[in-house]
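Reading through the structure tokens given below for one structure.
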Amino acid sequence: MAKQGKSNSAAKPSGGGNAQPEVLVGENRKARFRYEILETVEAGLVLRGTEVKVLRQGQISLDEAYARAEVDSIWLIGANIPEYSHGNLQNHEPKRKRKCLLHKKELRKLRALTQQQGLTLVPLRVYFGSRGFAKVTIGVGKGRKTHDKREHLKAKDAKREIRDSR
């Protein structure tokens with residue numbers, strides 16, 4: 001006797017049926033200048049309701065933010081999500097630690113990379129993914145020295161001049 005209901009051949013295409021484009025909330029532009037980004041990882045964010053409402057308004061500051069690998073997870077520290085204007089007693093702390101959601105394999109890899117001398121975890125951007133969940137892109141970066149920053153700026157200017165001269 002055959003089962004009633006949907007068959008597996010009529011499954012939704014990858015990404016779901018109601019896929020939306022990514023919505024960028026905030027970006028840490030200084031991070032790519034201050035650090036040489038070696039690798040990036042996408043992680044989910046554990047947020048409270050009022051934090052999500054503020055992010056939907058496009059308010060977040062990643063200027064002083066960094067990520068730290070602890071025993072069981074990665075934590076986003078120093079990201080400033082201001083209090084929700086219509087929030088009450090359930091409002092959140094603006095600079096609280098926020099847990100990042102990663103697969104165990106990615107977590108082990110990032111923890112191993114941060115134990116190397118001079119490598120740090122830097123949040124690059126916060127956005128809402130195609131399914132509507134808050135995500136953060138974390139980069140493994142190596143701090144640039146002052147002369148490295150100058151060389152980076154010179155190379156960037158040279159590329160811009162070549163592009164504009166065409």
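In the structure tokens, each chain is lettered A, B, ... as it comes, each chain's residues begin at 1, and ligands are numbered from 1 in order of appearance.
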
Hey, what's within 12 Å of segment 19-32 of chain A if we count only C-alpha atoms and toss same-chain stuff fewer than 3 positions away? As a short mmCIF file (atom, residue, chain, number, x, y, z; two decimals) with C-alpha atoms, in the first residue's frame, please?
data_model
loop_
_atom_site.label_atom_id
_atom_site.label_comp_id
_atom_site.auth_asym_id
_atom_site.auth_seq_id
_atom_site.Cartn_x
_atom_site.Cartn_y
_atom_site.Cartn_z
CA LYS A 12 11.55 22.23 -2.60
CA PRO A 13 14.60 23.44 -4.50
CA SER A 14 17.70 24.18 -2.44
CA GLY A 15 17.40 27.39 -0.44
CA GLY A 16 13.68 26.99 0.20
CA TYR A 35 43.81 43.34 9.69
CA GLU A 36 44.89 41.10 6.86
CA ILE A 37 41.93 38.72 6.65
CA LEU A 38 43.14 35.17 6.02
CA GLU A 39 39.84 33.29 6.19
CA THR A 40 36.14 34.01 6.76
CA VAL A 52 16.33 41.70 16.34
CA LYS A 53 13.95 44.66 16.12
CA VAL A 54 16.84 47.13 16.39
CA LEU A 55 18.85 45.18 13.77
CA ARG A 56 15.87 45.31 11.41
CA GLN A 57 16.10 49.10 11.75
CA GLY A 58 19.75 48.85 10.63
CA GLN A 59 21.40 49.93 13.86
CA ILE A 60 24.61 48.21 14.96
CA SER A 61 28.19 49.29 15.57
CA LEU A 62 31.01 46.80 15.01
CA ASP A 63 33.87 49.31 15.39
CA GLU A 64 35.19 48.00 18.72
CA ALA A 65 33.84 44.47 18.37
CA TYR A 66 35.83 41.25 18.35
CA ALA A 79 29.21 44.85 19.34
CA ASN A 80 26.92 47.75 20.19
CA ILE A 81 23.23 47.17 19.43
CA THR A 120 42.43 37.18 16.06
CA LEU A 121 38.72 36.83 15.25
CA VAL A 122 37.15 39.99 13.82
CA PRO A 123 33.46 40.45 12.94
CA LEU A 124 33.30 41.80 9.39
CA ARG A 125 29.57 42.22 8.78
CA VAL A 126 26.15 41.47 10.26
CA TYR A 127 23.22 40.68 7.99
CA PHE A 128 19.97 38.79 7.72
CA GLY A 129 20.40 35.67 5.60
CA SER A 130 18.06 34.43 2.89
CA ARG A 131 15.88 32.67 5.49
CA GLY A 132 15.62 35.73 7.74
CA PHE A 133 18.06 34.69 10.47
CA ALA A 134 20.71 37.08 11.81
CA LYS A 135 24.20 36.10 10.66
CA VAL A 136 27.69 37.42 11.27
CA THR A 137 30.73 36.97 9.03
CA ILE A 138 33.80 36.41 11.19
CA GLY A 139 37.27 36.84 9.73
CA VAL A 140 40.50 35.35 11.01
CA GLY A 141 42.86 38.29 10.82
CA LYS A 142 46.48 39.10 11.37
CA GLY A 143 47.11 42.65 12.59
CA ARG A 144 48.83 44.97 10.15
CA LYS A 149 48.78 49.89 6.23
CA HIS A 152 47.97 48.75 1.44
CA LEU A 153 46.74 52.31 0.86
#

In segment 44-107 of chain A, DSSP strand (DSSP E) residues written as an NGL selection string: :A and (44-45 or 66-69 or 74-77 or 98-101)

Please, could you write that set of residues out with C-alpha atoms as a CSV table (one decimal), in the first residue's frame?
chain,number,residue,atom,x,y,z
A,44,GLY,CA,24.5,32.5,13.3
A,45,LEU,CA,23.8,34.9,16.2
A,66,TYR,CA,35.8,41.3,18.4
A,67,ALA,CA,35.1,37.6,18.7
A,68,ARG,CA,36.6,35.2,21.3
A,69,ALA,CA,36.9,31.4,21.1
A,74,ILE,CA,32.6,31.6,19.9
A,75,TRP,CA,31.3,34.8,21.5
A,76,LEU,CA,30.8,38.2,19.9
A,77,ILE,CA,32.0,40.8,22.3
A,98,ARG,CA,26.4,37.3,22.1
A,99,LYS,CA,26.8,33.7,21.2
A,100,CYS,CA,27.8,32.7,17.7
A,101,LEU,CA,26.4,29.5,16.3

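Straight-line separation from atom CA of Asn91 of chain A to atom CA of Gly78 of chain A: 17.4 Å.
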
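Of the listed residues A:Lys145, A:Val41, A:Lys97, A:His103, the one whose atoms come nearest to Gly118 of chain A is A:Lys145, with distances taken using only C-alpha atoms.
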
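Closest approach to Leu89 of chain A from the set A:Ala112, A:Arg34, A:Glu151, A:Thr50 is made by A:Thr50, with distances taken over only C-alpha atoms.
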
Expected answer as a PyMOL selection string: alpha helix (DSSP H) residues in chain A: chain A and resi 29-34+49-56+104-114+146-165

Got time to write the residues from that selection, C-alpha atoms, as a PDB file, in the first residue's frame?
ATOM      1  CA  ARG A  29      34.973  48.673   7.256  1.00  0.00           C
ATOM      2  CA  LYS A  30      38.015  49.384   9.414  1.00  0.00           C
ATOM      3  CA  ALA A  31      38.632  45.679   9.976  1.00  0.00           C
ATOM      4  CA  ARG A  32      39.946  45.068   6.452  1.00  0.00           C
ATOM      5  CA  PHE A  33      42.286  48.044   6.877  1.00  0.00           C
ATOM      6  CA  ARG A  34      43.548  47.086  10.343  1.00  0.00           C
ATOM      7  CA  GLY A  49      13.655  39.926  20.534  1.00  0.00           C
ATOM      8  CA  THR A  50      14.441  43.606  21.036  1.00  0.00           C
ATOM      9  CA  GLU A  51      17.892  43.115  19.493  1.00  0.00           C
ATOM     10  CA  VAL A  52      16.325  41.698  16.340  1.00  0.00           C
ATOM     11  CA  LYS A  53      13.950  44.657  16.115  1.00  0.00           C
ATOM     12  CA  VAL A  54      16.838  47.126  16.392  1.00  0.00           C
ATOM     13  CA  LEU A  55      18.849  45.182  13.770  1.00  0.00           C
ATOM     14  CA  ARG A  56      15.869  45.309  11.406  1.00  0.00           C
ATOM     15  CA  LYS A 104      31.732  21.766  15.759  1.00  0.00           C
ATOM     16  CA  LYS A 105      34.237  21.319  12.956  1.00  0.00           C
ATOM     17  CA  GLU A 106      34.297  25.079  12.250  1.00  0.00           C
ATOM     18  CA  LEU A 107      34.545  25.817  15.978  1.00  0.00           C
ATOM     19  CA  ARG A 108      37.581  23.543  16.396  1.00  0.00           C
ATOM     20  CA  LYS A 109      39.228  25.068  13.341  1.00  0.00           C
ATOM     21  CA  LEU A 110      38.746  28.653  14.572  1.00  0.00           C
ATOM     22  CA  ARG A 111      39.945  27.788  18.067  1.00  0.00           C
ATOM     23  CA  ALA A 112      43.108  26.237  16.605  1.00  0.00           C
ATOM     24  CA  LEU A 113      43.739  29.287  14.401  1.00  0.00           C
ATOM     25  CA  THR A 114      43.333  31.761  17.269  1.00  0.00           C
ATOM     26  CA  THR A 146      51.742  50.880  10.308  1.00  0.00           C
ATOM     27  CA  HIS A 147      54.014  50.417   7.283  1.00  0.00           C
ATOM     28  CA  ASP A 148      51.796  47.571   6.030  1.00  0.00           C
ATOM     29  CA  LYS A 149      48.782  49.887   6.228  1.00  0.00           C
ATOM     30  CA  ARG A 150      50.625  52.523   4.186  1.00  0.00           C
ATOM     31  CA  GLU A 151      51.577  49.958   1.533  1.00  0.00           C
ATOM     32  CA  HIS A 152      47.965  48.753   1.443  1.00  0.00           C
ATOM     33  CA  LEU A 153      46.737  52.314   0.855  1.00  0.00           C
ATOM     34  CA  LYS A 154      49.340  52.915  -1.894  1.00  0.00           C
ATOM     35  CA  ALA A 155      48.333  49.716  -3.702  1.00  0.00           C
ATOM     36  CA  LYS A 156      44.654  50.629  -3.361  1.00  0.00           C
ATOM     37  CA  ASP A 157      45.280  54.124  -4.795  1.00  0.00           C
ATOM     38  CA  ALA A 158      47.295  52.667  -7.685  1.00  0.00           C
ATOM     39  CA  LYS A 159      44.463  50.267  -8.554  1.00  0.00           C
ATOM     40  CA  ARG A 160      41.955  53.119  -8.424  1.00  0.00           C
ATOM     41  CA  GLU A 161      44.075  55.307 -10.738  1.00  0.00           C
ATOM     42  CA  ILE A 162      44.473  52.475 -13.261  1.00  0.00           C
ATOM     43  CA  ARG A 163      40.729  51.807 -13.162  1.00  0.00           C
ATOM     44  CA  ASP A 164      39.852  55.504 -13.596  1.00  0.00           C
ATOM     45  CA  SER A 165      42.317  56.053 -16.456  1.00  0.00           C
TER      46      SER A 165
END
